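S.K.: Pasting a structure below so you can have a look.
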Amino acid sequence: MLSAFTARSATLCGLLLAARLATATEPLATQIEAFVDQGPYQNGQWGLLVTDLKTGDVLYSRAPDKLFAPASVTKVFSVAAALDAFGPDYRFETPIYAHGKIDSAGVLDGDLVLVASGDPTLGGRAGTNGEIAYTTSDHIYGEGAVLTRGDPLAGLNELALAVRSAGVHHVRGDVLVDDRLFDHAKGSGSGPSLLTPIIVNDNLIDITVTPAEAGAPAQVVCRPTSVALVVDAQVQTVSDDQSTKVTVTAPDEGSLVVRGQITEGRKPVVHTHEIEAPASFARSLLIEALRRADVAVDASPLAKNRTDRLPARDEYGGMRRVAQLTSPPFSESARLILKVSHNLHASTLPLLMAAKHGERTLVDGLKHQRNFLTEAGIDPDQISFGGAAGGDPADFVTPRVTVALLRYLSTRNDLFAPFERALPVLGEDGTLAHAVPPDSPARGKVQAKTGTMYWSNRMSGGAILTSKALAGYMTSAGGRRLAFAFFVNNIPTKTAGDRDQIGKALGQLCQIVYESS
């Protein structure tokens, strides 16, 4: 049964489509206002601005200087600042050092130390042609995800083989992960609970549950696997008249319990579990990779990462580097963040910017983002950010500032092409893949960042959609290049389908602007 919101939405969209087709010559403002002032949106607050990208001429505006919660449109600001700080061609370098002497037989009488550089993928999303792989439904969002085909341990395996090639055949000491690049922080707003410079598989365990025949145990596969992770899985396959219910719990660090049932014949279900101690888990995975590369390691992968054994940071210059992993260019990291709205990687950006300047905290990094906005001709005192991914209670921007940043980026010959390429394309990929139907005339003509944020309505059920947002670039039917920002805040909803419908409404707004400009 359709919720009242969904029923109104379907009726409204049908009426508006018919009206728009019948009045194609009406001014753009008339068409937009007919759309946003009716039906389920009447309780929400709209902020809209559409401008000519080159001249700045305003095609339409509505509350352009009011503050709106931007949700993941926040990532436009954080990614732009990071691209400016590092440059599109910057590559993370993750070295391994031998802390001790290596004898003629290849025996290291000491420790191997991996120094985490903040590389967000650490070789685990290797795609074709040096690109970082992603799927439309990335695993960072858990259930319903589609996993990338790459091996999340590819980078660690490459490092292990390099250690062997450097002549290290036996490590008598420990294997350590130096994760001191910046202060560890809690994720702000949307995103993970911990931000750290060591990231393997987004510091997640992927649990894929695949049904068998009704009455038989389902197949449960975890990645990455490790002796340091114990999984107790009991999931039954049930007939197609029963529902799928799978739960993943962690009774303690290093163990998972998977329980439930999955319907026969349905697609596999993916759940994820966040690693509590990323450095210790990465250490375990590296020891196992070394052993696969025929490097003997006396230390157990079941032990914790011993930070007390780490050398002083200034000692690395005098130590032998026995391996190094180099990442794809930073433009690829930016592309992953914007295409799938990657909260972990976006949240880490200010910390990486802080580390670049010898600083350590989120606040330090956000100060550098503030400086970037000032240099871009934007008054940072008109807006507010508490983090870099979106969803922090302090995140507020205006449509005018958002469009100003988009227009500024278009003037940066060094940044614009990689930035625009990183944005989701309407109707084609990323978080905009399903925002318009395949036959929409605006399909492929819009490159923009999405944003969604909502909170549960515990009194009445459903959720309050705090923010639905879209900001980016468009090439109109008339060939005009546009920059735009759409925000709608505070709409009561009953179901996930209701929230999805509002996302499609922003896609419809794009189509209105496309056809009328």
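Chain labels follow the order of the structure tokens: the first chain is A, the next B, and so on; residue numbering restarts at 1 in every chain, and ligands are counted from 1 in their shown order.
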Would you pick out the contacts of Asp379 (chain A) at 12 Å or less, using only C-alpha atoms, so that residues sharing its chain but fewer than 3 positions from it are not included, and give the list as a list in words?

M.R.: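 In the requested form, the answer reads Gln369, Arg370, Asn371, Phe372, Leu373, Thr374, Glu375, Ala376, Gln382, Ile383, Ser384, Val397, Thr398, Arg400, Val401, Thr402, Ala404 and Leu405 of chain A.
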
S.K.: Could you give me, as number ranges by chain, each residue of region 217-443 of chain A that DSSP assigns to alpha helix (DSSP H) when run on this structure's backbone?

M.R.: A: 278-292, 330-340, 343-356, 362-375, 399-410, 416-422

S.K.: May I ask which of the residues A:Ala185, A:Gly260, A:Gly387, A:Asp298 is the closest one to Lys367 (chain A), counting only C-alpha atoms?

M.R.: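 Using only C-alpha atoms, Lys367 (chain A) sits closest to A:Gly387.
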
S.K.: Which one is closest to Leu310 (chain A): A:His99, A:Lys339, A:Arg283, A:Arg149? Count only C-alpha atoms.

M.R.: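 Closest candidate: A:His99.
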
S.K.: Contacts of Val209 (chain A) at 10 Å or less, counting only C-alpha atoms, minus same-chain residues fewer than 6 places along, as a list in words?

M.R.: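 Surrounding residues, per the criterion: Ala218, Gln219, Val220, Val221, Cys222, Ala233, Val235, Gln236, Thr237, Val246, Val258, Gln261, Ile262, Lys267, Pro268, Val269, Val270 and His271 of chain A.
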
S.K.: Need the shell around Gln45 (chain A): protein/DNA/RNA residues with any atom at most 12 Å away, counting only C-alpha atoms. Skip same-chain ones fewer than 4 positions apart. Format as a ChimeraX atom specification?

M.R.: /A:36-37,40-41,62-64,66-69,465-469,486-492

S.K.: May I have the residues from that selection written out with N, CA, C and O atoms, as a PDB file, in the first residue's frame?

M.R.:
```pdb
ATOM      1  N   VAL A  36       7.808  23.137  -6.946  1.00  0.00           N
ATOM      2  CA  VAL A  36       8.250  23.073  -5.557  1.00  0.00           C
ATOM      3  C   VAL A  36       7.205  23.558  -4.560  1.00  0.00           C
ATOM      4  O   VAL A  36       7.348  23.308  -3.357  1.00  0.00           O
ATOM      5  N   ASP A  37       6.146  24.226  -5.021  1.00  0.00           N
ATOM      6  CA  ASP A  37       5.179  24.801  -4.092  1.00  0.00           C
ATOM      7  C   ASP A  37       3.966  23.915  -3.865  1.00  0.00           C
ATOM      8  O   ASP A  37       3.012  24.340  -3.213  1.00  0.00           O
ATOM      9  N   PRO A  40       3.818  17.222  -1.577  1.00  0.00           N
ATOM     10  CA  PRO A  40       4.545  16.799  -0.381  1.00  0.00           C
ATOM     11  C   PRO A  40       5.620  17.773   0.059  1.00  0.00           C
ATOM     12  O   PRO A  40       6.189  17.615   1.125  1.00  0.00           O
ATOM     13  N   TYR A  41       5.918  18.781  -0.748  1.00  0.00           N
ATOM     14  CA  TYR A  41       7.014  19.679  -0.430  1.00  0.00           C
ATOM     15  C   TYR A  41       6.563  20.929   0.327  1.00  0.00           C
ATOM     16  O   TYR A  41       7.368  21.787   0.651  1.00  0.00           O
ATOM     17  N   ARG A  62      15.885  31.243  -5.503  1.00  0.00           N
ATOM     18  CA  ARG A  62      14.892  31.182  -4.427  1.00  0.00           C
ATOM     19  C   ARG A  62      15.671  31.019  -3.130  1.00  0.00           C
ATOM     20  O   ARG A  62      16.392  30.043  -2.939  1.00  0.00           O
ATOM     21  N   ALA A  63      15.577  31.979  -2.259  1.00  0.00           N
ATOM     22  CA  ALA A  63      16.292  32.006  -0.977  1.00  0.00           C
ATOM     23  C   ALA A  63      17.768  31.688  -1.157  1.00  0.00           C
ATOM     24  O   ALA A  63      18.320  30.853  -0.437  1.00  0.00           O
ATOM     25  N   PRO A  64      18.458  32.353  -2.083  1.00  0.00           N
ATOM     26  CA  PRO A  64      19.842  31.981  -2.376  1.00  0.00           C
ATOM     27  C   PRO A  64      20.824  32.299  -1.256  1.00  0.00           C
ATOM     28  O   PRO A  64      21.933  31.764  -1.241  1.00  0.00           O
ATOM     29  N   LYS A  66      19.941  32.153   2.131  1.00  0.00           N
ATOM     30  CA  LYS A  66      19.543  31.481   3.365  1.00  0.00           C
ATOM     31  C   LYS A  66      20.421  30.253   3.579  1.00  0.00           C
ATOM     32  O   LYS A  66      20.897  29.627   2.634  1.00  0.00           O
ATOM     33  N   LEU A  67      20.622  29.889   4.839  1.00  0.00           N
ATOM     34  CA  LEU A  67      21.428  28.719   5.167  1.00  0.00           C
ATOM     35  C   LEU A  67      20.595  27.446   5.099  1.00  0.00           C
ATOM     36  O   LEU A  67      19.474  27.402   5.609  1.00  0.00           O
ATOM     37  N   PHE A  68      21.177  26.411   4.485  1.00  0.00           N
ATOM     38  CA  PHE A  68      20.529  25.111   4.369  1.00  0.00           C
ATOM     39  C   PHE A  68      21.503  24.013   4.779  1.00  0.00           C
ATOM     40  O   PHE A  68      22.719  24.143   4.563  1.00  0.00           O
ATOM     41  N   ALA A  69      20.962  22.948   5.368  1.00  0.00           N
ATOM     42  CA  ALA A  69      21.781  21.770   5.650  1.00  0.00           C
ATOM     43  C   ALA A  69      22.130  21.101   4.325  1.00  0.00           C
ATOM     44  O   ALA A  69      21.228  20.738   3.568  1.00  0.00           O
ATOM     45  N   LEU A 465      13.138  14.181   6.671  1.00  0.00           N
ATOM     46  CA  LEU A 465      14.206  14.349   5.695  1.00  0.00           C
ATOM     47  C   LEU A 465      14.813  15.721   5.930  1.00  0.00           C
ATOM     48  O   LEU A 465      14.299  16.740   5.454  1.00  0.00           O
ATOM     49  N   THR A 466      15.912  15.750   6.678  1.00  0.00           N
ATOM     50  CA  THR A 466      16.544  17.015   7.040  1.00  0.00           C
ATOM     51  C   THR A 466      17.107  17.726   5.824  1.00  0.00           C
ATOM     52  O   THR A 466      17.081  18.947   5.737  1.00  0.00           O
ATOM     53  N   SER A 467      17.632  16.941   4.875  1.00  0.00           N
ATOM     54  CA  SER A 467      18.200  17.564   3.686  1.00  0.00           C
ATOM     55  C   SER A 467      18.183  16.611   2.502  1.00  0.00           C
ATOM     56  O   SER A 467      18.511  15.434   2.637  1.00  0.00           O
ATOM     57  N   LYS A 468      17.759  17.137   1.369  1.00  0.00           N
ATOM     58  CA  LYS A 468      17.990  16.516   0.071  1.00  0.00           C
ATOM     59  C   LYS A 468      18.617  17.605  -0.781  1.00  0.00           C
ATOM     60  O   LYS A 468      18.085  18.732  -0.858  1.00  0.00           O
ATOM     61  N   ALA A 469      19.742  17.299  -1.416  1.00  0.00           N
ATOM     62  CA  ALA A 469      20.502  18.364  -2.067  1.00  0.00           C
ATOM     63  C   ALA A 469      21.156  17.863  -3.346  1.00  0.00           C
ATOM     64  O   ALA A 469      21.421  16.667  -3.506  1.00  0.00           O
ATOM     65  N   PHE A 486      20.623  23.028  -5.607  1.00  0.00           N
ATOM     66  CA  PHE A 486      19.255  22.768  -5.161  1.00  0.00           C
ATOM     67  C   PHE A 486      19.313  22.203  -3.745  1.00  0.00           C
ATOM     68  O   PHE A 486      20.000  21.205  -3.499  1.00  0.00           O
ATOM     69  N   PHE A 487      18.599  22.822  -2.814  1.00  0.00           N
ATOM     70  CA  PHE A 487      18.482  22.295  -1.454  1.00  0.00           C
ATOM     71  C   PHE A 487      17.014  22.289  -1.052  1.00  0.00           C
ATOM     72  O   PHE A 487      16.291  23.267  -1.313  1.00  0.00           O
ATOM     73  N   VAL A 488      16.574  21.216  -0.432  1.00  0.00           N
ATOM     74  CA  VAL A 488      15.281  21.207   0.225  1.00  0.00           C
ATOM     75  C   VAL A 488      15.477  20.555   1.593  1.00  0.00           C
ATOM     76  O   VAL A 488      16.076  19.495   1.716  1.00  0.00           O
ATOM     77  N   ASN A 489      15.015  21.249   2.632  1.00  0.00           N
ATOM     78  CA  ASN A 489      15.203  20.792   4.009  1.00  0.00           C
ATOM     79  C   ASN A 489      13.865  20.563   4.698  1.00  0.00           C
ATOM     80  O   ASN A 489      12.876  21.256   4.417  1.00  0.00           O
ATOM     81  N   ASN A 490      13.874  19.585   5.585  1.00  0.00           N
ATOM     82  CA  ASN A 490      12.808  19.381   6.572  1.00  0.00           C
ATOM     83  C   ASN A 490      11.467  18.987   5.960  1.00  0.00           C
ATOM     84  O   ASN A 490      10.475  19.717   6.053  1.00  0.00           O
ATOM     85  N   ILE A 491      11.439  17.789   5.379  1.00  0.00           N
ATOM     86  CA  ILE A 491      10.202  17.224   4.835  1.00  0.00           C
ATOM     87  C   ILE A 491       9.872  15.935   5.581  1.00  0.00           C
ATOM     88  O   ILE A 491      10.685  15.011   5.596  1.00  0.00           O
ATOM     89  N   PRO A 492       8.703  15.831   6.201  1.00  0.00           N
ATOM     90  CA  PRO A 492       8.315  14.582   6.853  1.00  0.00           C
ATOM     91  C   PRO A 492       8.097  13.480   5.818  1.00  0.00           C
ATOM     92  O   PRO A 492       7.495  13.706   4.767  1.00  0.00           O
TER      93      PRO A 492
END
```

S.K.: Report the residues of region 261-459 of chain A whose backbone DSSP state falls under strand (DSSP E or B), written as a PyMOL selection string.

M.R.: chain A and resi 261-263+269-274+296-297+320-326+384+396-397+425+446-456

S.K.: Find the residues of region 387-484 of chain A that sit at most 8 Å from region 70-88 of chain A; for each, write down the nearest two atoms and how far apart they are in Å, to one decimal. Count only C-alpha atoms. Sort by chain, then by number going up, and give it as a tab-separated table.

M.R.:
```
residue	atom	partner	partner_atom	distance
A:Ala388	CA	A:Ser78	CA	5.5
A:Ala389	CA	A:Lys75	CA	5.4
A:Gly390	CA	A:Ser72	CA	4.5
A:Gly391	CA	A:Ala71	CA	5.2
A:Asp395	CA	A:Pro70	CA	6.8
A:Phe396	CA	A:Pro70	CA	6.1
A:Val397	CA	A:Pro70	CA	6.4
A:Leu405	CA	A:Phe77	CA	7.8
A:Leu409	CA	A:Ala80	CA	7.8
A:Asp414	CA	A:Pro88	CA	7.8
A:Leu415	CA	A:Pro88	CA	6.9
A:Pro418	CA	A:Pro88	CA	6.9
A:Phe419	CA	A:Ala80	CA	7.4
A:Lys449	CA	A:Val73	CA	5.8
A:Thr450	CA	A:Val73	CA	5.9
A:Gly451	CA	A:Ser72	CA	4.1
A:Thr452	CA	A:Ala71	CA	5.5
A:Met453	CA	A:Ala71	CA	5.6
A:Ser467	CA	A:Ala71	CA	6.0
A:Lys468	CA	A:Ala71	CA	7.1
A:Ala469	CA	A:Pro70	CA	6.1
A:Leu470	CA	A:Val73	CA	6.8
A:Ala471	CA	A:Val73	CA	6.8
```

S.K.: With all heavy atoms retained, could you export that selection as a compact mmCIF listing (two decimals), in the first residue's frame?

M.R.:
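File produced: part_16.txt:
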```
# COMPACT_ATOMS: atom_id res chain seq x y z
N ALA A 388 33.73 17.02 7.16
CA ALA A 388 33.99 17.10 5.73
C ALA A 388 33.14 16.17 4.89
O ALA A 388 33.21 16.22 3.67
CB ALA A 388 35.47 16.79 5.47
N ALA A 389 32.31 15.34 5.53
CA ALA A 389 31.51 14.37 4.77
C ALA A 389 30.06 14.77 4.63
O ALA A 389 29.36 14.31 3.73
CB ALA A 389 31.59 12.99 5.43
N GLY A 390 29.57 15.63 5.52
CA GLY A 390 28.15 15.97 5.54
C GLY A 390 27.46 15.24 6.66
O GLY A 390 27.81 14.11 7.01
N GLY A 391 26.47 15.87 7.25
CA GLY A 391 25.71 15.23 8.33
C GLY A 391 26.04 15.75 9.70
O GLY A 391 25.35 15.42 10.67
N ASP A 395 26.84 21.72 9.92
CA ASP A 395 27.01 21.93 8.48
C ASP A 395 25.86 22.76 7.92
O ASP A 395 24.69 22.31 7.91
CB ASP A 395 27.07 20.60 7.73
CG ASP A 395 28.29 19.79 8.08
OD1 ASP A 395 29.24 20.34 8.67
OD2 ASP A 395 28.31 18.58 7.76
N PHE A 396 26.18 23.95 7.41
CA PHE A 396 25.18 24.80 6.75
C PHE A 396 25.87 25.62 5.65
O PHE A 396 26.95 26.18 5.87
CB PHE A 396 24.51 25.76 7.75
CG PHE A 396 23.50 25.09 8.64
CD1 PHE A 396 23.87 24.63 9.89
CD2 PHE A 396 22.20 24.89 8.19
CE1 PHE A 396 22.94 23.99 10.70
CE2 PHE A 396 21.27 24.25 9.01
CZ PHE A 396 21.63 23.79 10.26
N VAL A 397 25.22 25.68 4.50
CA VAL A 397 25.73 26.50 3.39
C VAL A 397 24.56 27.23 2.74
O VAL A 397 23.39 26.94 3.02
CB VAL A 397 26.45 25.63 2.32
CG1 VAL A 397 27.61 24.87 2.93
CG2 VAL A 397 25.48 24.68 1.64
N LEU A 405 31.45 28.63 -5.44
CA LEU A 405 32.56 27.68 -5.44
C LEU A 405 32.61 26.91 -6.75
O LEU A 405 33.69 26.72 -7.34
CB LEU A 405 32.44 26.71 -4.26
CG LEU A 405 33.49 25.60 -4.22
CD1 LEU A 405 34.90 26.19 -4.14
CD2 LEU A 405 33.23 24.65 -3.05
N LEU A 409 35.79 26.95 -9.35
CA LEU A 409 36.50 25.76 -9.80
C LEU A 409 36.57 25.70 -11.32
O LEU A 409 37.56 25.21 -11.89
CB LEU A 409 35.82 24.51 -9.25
CG LEU A 409 35.96 24.30 -7.73
CD1 LEU A 409 35.07 23.17 -7.27
CD2 LEU A 409 37.42 24.03 -7.35
N ASP A 414 43.86 23.81 -13.60
CA ASP A 414 44.53 22.66 -13.01
C ASP A 414 43.57 21.72 -12.28
O ASP A 414 43.90 20.55 -12.06
CB ASP A 414 45.62 23.13 -12.04
CG ASP A 414 45.06 24.05 -10.94
OD1 ASP A 414 44.02 24.71 -11.17
OD2 ASP A 414 45.68 24.11 -9.86
N LEU A 415 42.39 22.22 -11.92
CA LEU A 415 41.48 21.43 -11.09
C LEU A 415 40.17 21.07 -11.76
O LEU A 415 39.55 20.05 -11.40
CB LEU A 415 41.17 22.17 -9.78
CG LEU A 415 42.32 22.55 -8.86
CD1 LEU A 415 41.78 23.18 -7.58
CD2 LEU A 415 43.17 21.34 -8.53
N PRO A 418 39.52 17.33 -13.56
CA PRO A 418 39.38 16.20 -12.64
C PRO A 418 38.21 16.34 -11.68
O PRO A 418 37.58 15.34 -11.32
CB PRO A 418 40.72 16.17 -11.89
CG PRO A 418 41.33 17.50 -12.11
CD PRO A 418 40.84 17.98 -13.43
N PHE A 419 37.89 17.58 -11.29
CA PHE A 419 36.75 17.77 -10.39
C PHE A 419 35.44 17.41 -11.09
O PHE A 419 34.62 16.67 -10.56
CB PHE A 419 36.70 19.20 -9.88
CG PHE A 419 35.52 19.48 -8.99
CD1 PHE A 419 35.51 19.07 -7.67
CD2 PHE A 419 34.40 20.14 -9.48
CE1 PHE A 419 34.40 19.30 -6.85
CE2 PHE A 419 33.30 20.38 -8.68
CZ PHE A 419 33.30 19.96 -7.36
N LYS A 449 26.81 16.67 -7.40
CA LYS A 449 26.93 15.94 -6.15
C LYS A 449 25.60 15.92 -5.44
O LYS A 449 24.94 16.94 -5.30
CB LYS A 449 27.98 16.58 -5.23
CG LYS A 449 28.19 15.84 -3.92
CD LYS A 449 28.84 14.49 -4.14
CE LYS A 449 28.74 13.62 -2.90
NZ LYS A 449 27.41 13.01 -2.72
N THR A 450 25.23 14.74 -4.98
CA THR A 450 23.98 14.55 -4.25
C THR A 450 24.21 14.70 -2.74
O THR A 450 25.33 14.64 -2.25
CB THR A 450 23.42 13.14 -4.51
OG1 THR A 450 24.42 12.17 -4.11
CG2 THR A 450 23.09 12.95 -5.98
N GLY A 451 23.11 14.86 -2.02
CA GLY A 451 23.16 14.86 -0.56
C GLY A 451 21.84 14.39 0.01
O GLY A 451 20.77 14.78 -0.48
N THR A 452 21.91 13.53 1.02
CA THR A 452 20.71 13.04 1.69
C THR A 452 20.99 12.90 3.18
O THR A 452 22.01 12.32 3.56
CB THR A 452 20.28 11.66 1.16
OG1 THR A 452 20.09 11.73 -0.26
CG2 THR A 452 18.98 11.20 1.82
N MET A 453 20.11 13.44 4.01
CA MET A 453 20.24 13.28 5.45
C MET A 453 18.85 13.25 6.06
O MET A 453 17.99 14.05 5.70
CB MET A 453 21.05 14.43 6.05
CG MET A 453 21.28 14.31 7.56
SD MET A 453 22.42 15.57 8.18
CE MET A 453 21.50 17.06 7.85
N SER A 467 17.63 16.94 4.87
CA SER A 467 18.20 17.56 3.69
C SER A 467 18.18 16.61 2.50
O SER A 467 18.51 15.43 2.64
CB SER A 467 19.65 18.00 3.95
OG SER A 467 20.23 18.55 2.76
N LYS A 468 17.76 17.14 1.37
CA LYS A 468 17.99 16.52 0.07
C LYS A 468 18.62 17.61 -0.78
O LYS A 468 18.08 18.73 -0.86
CB LYS A 468 16.69 16.02 -0.56
CG LYS A 468 16.91 15.00 -1.66
CD LYS A 468 17.35 13.66 -1.11
CE LYS A 468 17.53 12.64 -2.23
NZ LYS A 468 17.94 11.33 -1.71
N ALA A 469 19.74 17.30 -1.42
CA ALA A 469 20.50 18.36 -2.07
C ALA A 469 21.16 17.86 -3.35
O ALA A 469 21.42 16.67 -3.51
CB ALA A 469 21.57 18.90 -1.11
N LEU A 470 21.42 18.81 -4.24
CA LEU A 470 22.09 18.50 -5.49
C LEU A 470 22.77 19.78 -5.98
O LEU A 470 22.14 20.84 -6.03
CB LEU A 470 21.10 18.01 -6.54
CG LEU A 470 21.68 17.48 -7.86
CD1 LEU A 470 22.48 16.21 -7.61
CD2 LEU A 470 20.56 17.22 -8.86
N ALA A 471 24.06 19.67 -6.32
CA ALA A 471 24.79 20.86 -6.79
C ALA A 471 25.84 20.44 -7.80
O ALA A 471 26.55 19.45 -7.59
CB ALA A 471 25.44 21.58 -5.62
```

S.K.: Taking into account only C-alpha atoms, which residue in the set A:Glu158, A:Glu93, A:Asp57, A:Glu515 is nearest to Ala116 (chain A)?

M.R.: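 Using only C-alpha atoms, Ala116 (chain A) sits closest to A:Glu93.
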
S.K.: Quick one: residues within 6 Å of region 204-206 of chain A, only C-alpha atoms, excluding same-chain residues fewer than 4 positions away - as a ChimeraX atom specification?

M.R.: /A:222-223,272-275

S.K.: Would you mind exporting all heavy atoms of the selected residues as a PDB file, in the first residue's frame?

M.R.:
```pdb
ATOM      1  N   CYS A 222      33.218 -14.056   4.096  1.00  0.00           N
ATOM      2  CA  CYS A 222      33.724 -12.766   4.581  1.00  0.00           C
ATOM      3  C   CYS A 222      34.969 -12.370   3.800  1.00  0.00           C
ATOM      4  O   CYS A 222      35.739 -13.225   3.361  1.00  0.00           O
ATOM      5  CB  CYS A 222      34.075 -12.858   6.062  1.00  0.00           C
ATOM      6  SG  CYS A 222      32.659 -13.127   7.136  1.00  0.00           S
ATOM      7  N   ARG A 223      35.137 -11.065   3.608  1.00  0.00           N
ATOM      8  CA  ARG A 223      36.386 -10.556   3.051  1.00  0.00           C
ATOM      9  C   ARG A 223      36.732  -9.233   3.713  1.00  0.00           C
ATOM     10  O   ARG A 223      35.810  -8.436   3.979  1.00  0.00           O
ATOM     11  CB  ARG A 223      36.293 -10.418   1.527  1.00  0.00           C
ATOM     12  CG  ARG A 223      35.537  -9.225   1.014  1.00  0.00           C
ATOM     13  CD  ARG A 223      35.759  -9.023  -0.467  1.00  0.00           C
ATOM     14  NE  ARG A 223      35.415  -7.650  -0.816  1.00  0.00           N
ATOM     15  CZ  ARG A 223      35.502  -7.139  -2.037  1.00  0.00           C
ATOM     16  NH1 ARG A 223      35.910  -7.890  -3.029  1.00  0.00           N
ATOM     17  NH2 ARG A 223      35.183  -5.877  -2.269  1.00  0.00           N
ATOM     18  N   THR A 272      28.103  -5.332   6.319  1.00  0.00           N
ATOM     19  CA  THR A 272      29.472  -4.935   6.640  1.00  0.00           C
ATOM     20  C   THR A 272      29.615  -4.760   8.148  1.00  0.00           C
ATOM     21  O   THR A 272      28.648  -4.500   8.868  1.00  0.00           O
ATOM     22  CB  THR A 272      29.865  -3.621   5.949  1.00  0.00           C
ATOM     23  OG1 THR A 272      28.960  -2.585   6.358  1.00  0.00           O
ATOM     24  CG2 THR A 272      29.857  -3.771   4.439  1.00  0.00           C
ATOM     25  N   HIS A 273      30.853  -4.920   8.597  1.00  0.00           N
ATOM     26  CA  HIS A 273      31.175  -4.702  10.012  1.00  0.00           C
ATOM     27  C   HIS A 273      32.434  -3.866  10.092  1.00  0.00           C
ATOM     28  O   HIS A 273      33.442  -4.166   9.452  1.00  0.00           O
ATOM     29  CB  HIS A 273      31.399  -6.035  10.731  1.00  0.00           C
ATOM     30  CG  HIS A 273      31.893  -5.867  12.141  1.00  0.00           C
ATOM     31  ND1 HIS A 273      31.080  -5.440  13.171  1.00  0.00           N
ATOM     32  CD2 HIS A 273      33.132  -6.043  12.675  1.00  0.00           C
ATOM     33  CE1 HIS A 273      31.787  -5.368  14.284  1.00  0.00           C
ATOM     34  NE2 HIS A 273      33.031  -5.731  14.014  1.00  0.00           N
ATOM     35  N   GLU A 274      32.380  -2.777  10.866  1.00  0.00           N
ATOM     36  CA  GLU A 274      33.534  -1.884  10.987  1.00  0.00           C
ATOM     37  C   GLU A 274      34.565  -2.458  11.948  1.00  0.00           C
ATOM     38  O   GLU A 274      34.238  -2.911  13.056  1.00  0.00           O
ATOM     39  CB  GLU A 274      33.081  -0.508  11.482  1.00  0.00           C
ATOM     40  CG  GLU A 274      34.186   0.528  11.484  1.00  0.00           C
ATOM     41  CD  GLU A 274      33.701   1.906  11.922  1.00  0.00           C
ATOM     42  OE1 GLU A 274      32.474   2.100  12.040  1.00  0.00           O
ATOM     43  OE2 GLU A 274      34.565   2.784  12.142  1.00  0.00           O
ATOM     44  N   ILE A 275      35.820  -2.443  11.513  1.00  0.00           N
ATOM     45  CA  ILE A 275      36.927  -2.925  12.337  1.00  0.00           C
ATOM     46  C   ILE A 275      37.159  -1.964  13.494  1.00  0.00           C
ATOM     47  O   ILE A 275      37.246  -0.749  13.303  1.00  0.00           O
ATOM     48  CB  ILE A 275      38.205  -3.057  11.490  1.00  0.00           C
ATOM     49  CG1 ILE A 275      38.028  -4.123  10.413  1.00  0.00           C
ATOM     50  CG2 ILE A 275      39.413  -3.363  12.359  1.00  0.00           C
ATOM     51  CD1 ILE A 275      37.785  -5.501  10.955  1.00  0.00           C
TER      52      ILE A 275
END
```

S.K.: Take CA of Leu122 (chain A) and CA of Pro251 (chain A) and report the distance between them in Å, one decimal.

M.R.: 28.3 Å

S.K.: So which one's closest to Ala228 (chain A), A:Leu48, A:Leu286, A:Ala214, A:Ile140? Using only C-alpha atoms, please.

M.R.: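 Looking at the shortest contact to Ala228 (chain A), the residue is A:Leu286.
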
S.K.: What's around region 332-338 of chain A at 7 Å? Count only C-alpha atoms, leave out sequence neighbours fewer than 6 positions away in its own chain, and write the answer as a ChimeraX atom specification.

M.R.: /A:75,79,131-132,134,345-346,422-424,449

S.K.: At most 12 Å is the cut-off: for each residue in region 283-324 of chain A with any atom that close to an atom of region 150-154 of chain A, write down the nearest atom pair and the distance in Å rounded to one decimal, counting only C-alpha atoms, chain first then increasing number, as JSON lines.

M.R.:
```
{"residue": "A:Ser284", "atom": "CA", "partner": "A:Leu153", "partner_atom": "CA", "distance": 11.6}
{"residue": "A:Leu285", "atom": "CA", "partner": "A:Leu153", "partner_atom": "CA", "distance": 7.9}
{"residue": "A:Leu286", "atom": "CA", "partner": "A:Leu153", "partner_atom": "CA", "distance": 8.8}
{"residue": "A:Ile287", "atom": "CA", "partner": "A:Leu153", "partner_atom": "CA", "distance": 11.8}
{"residue": "A:Glu288", "atom": "CA", "partner": "A:Leu153", "partner_atom": "CA", "distance": 10.3}
{"residue": "A:Ala289", "atom": "CA", "partner": "A:Leu153", "partner_atom": "CA", "distance": 8.2}
{"residue": "A:Leu290", "atom": "CA", "partner": "A:Leu153", "partner_atom": "CA", "distance": 11.6}
{"residue": "A:Arg292", "atom": "CA", "partner": "A:Leu153", "partner_atom": "CA", "distance": 11.7}
```

S.K.: Tell me which protein, DNA and RNA residues are within 12 Å of Val238 (chain A), counting only C-alpha atoms, leaving out same-chain ones fewer than 4 positions away, and put them as a list in words.

M.R.: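 Skipping anything fewer than 4 positions along the chain leaves Thr210, Pro211, Ala212, Glu213, Ala214, Gly215, Ala216, Pro217, Ala218, Gln242, Ser243, Thr244, Lys245, Gly260, Gln261, Ile262, Thr263, Glu264, Gly265 and Arg266 of chain A.
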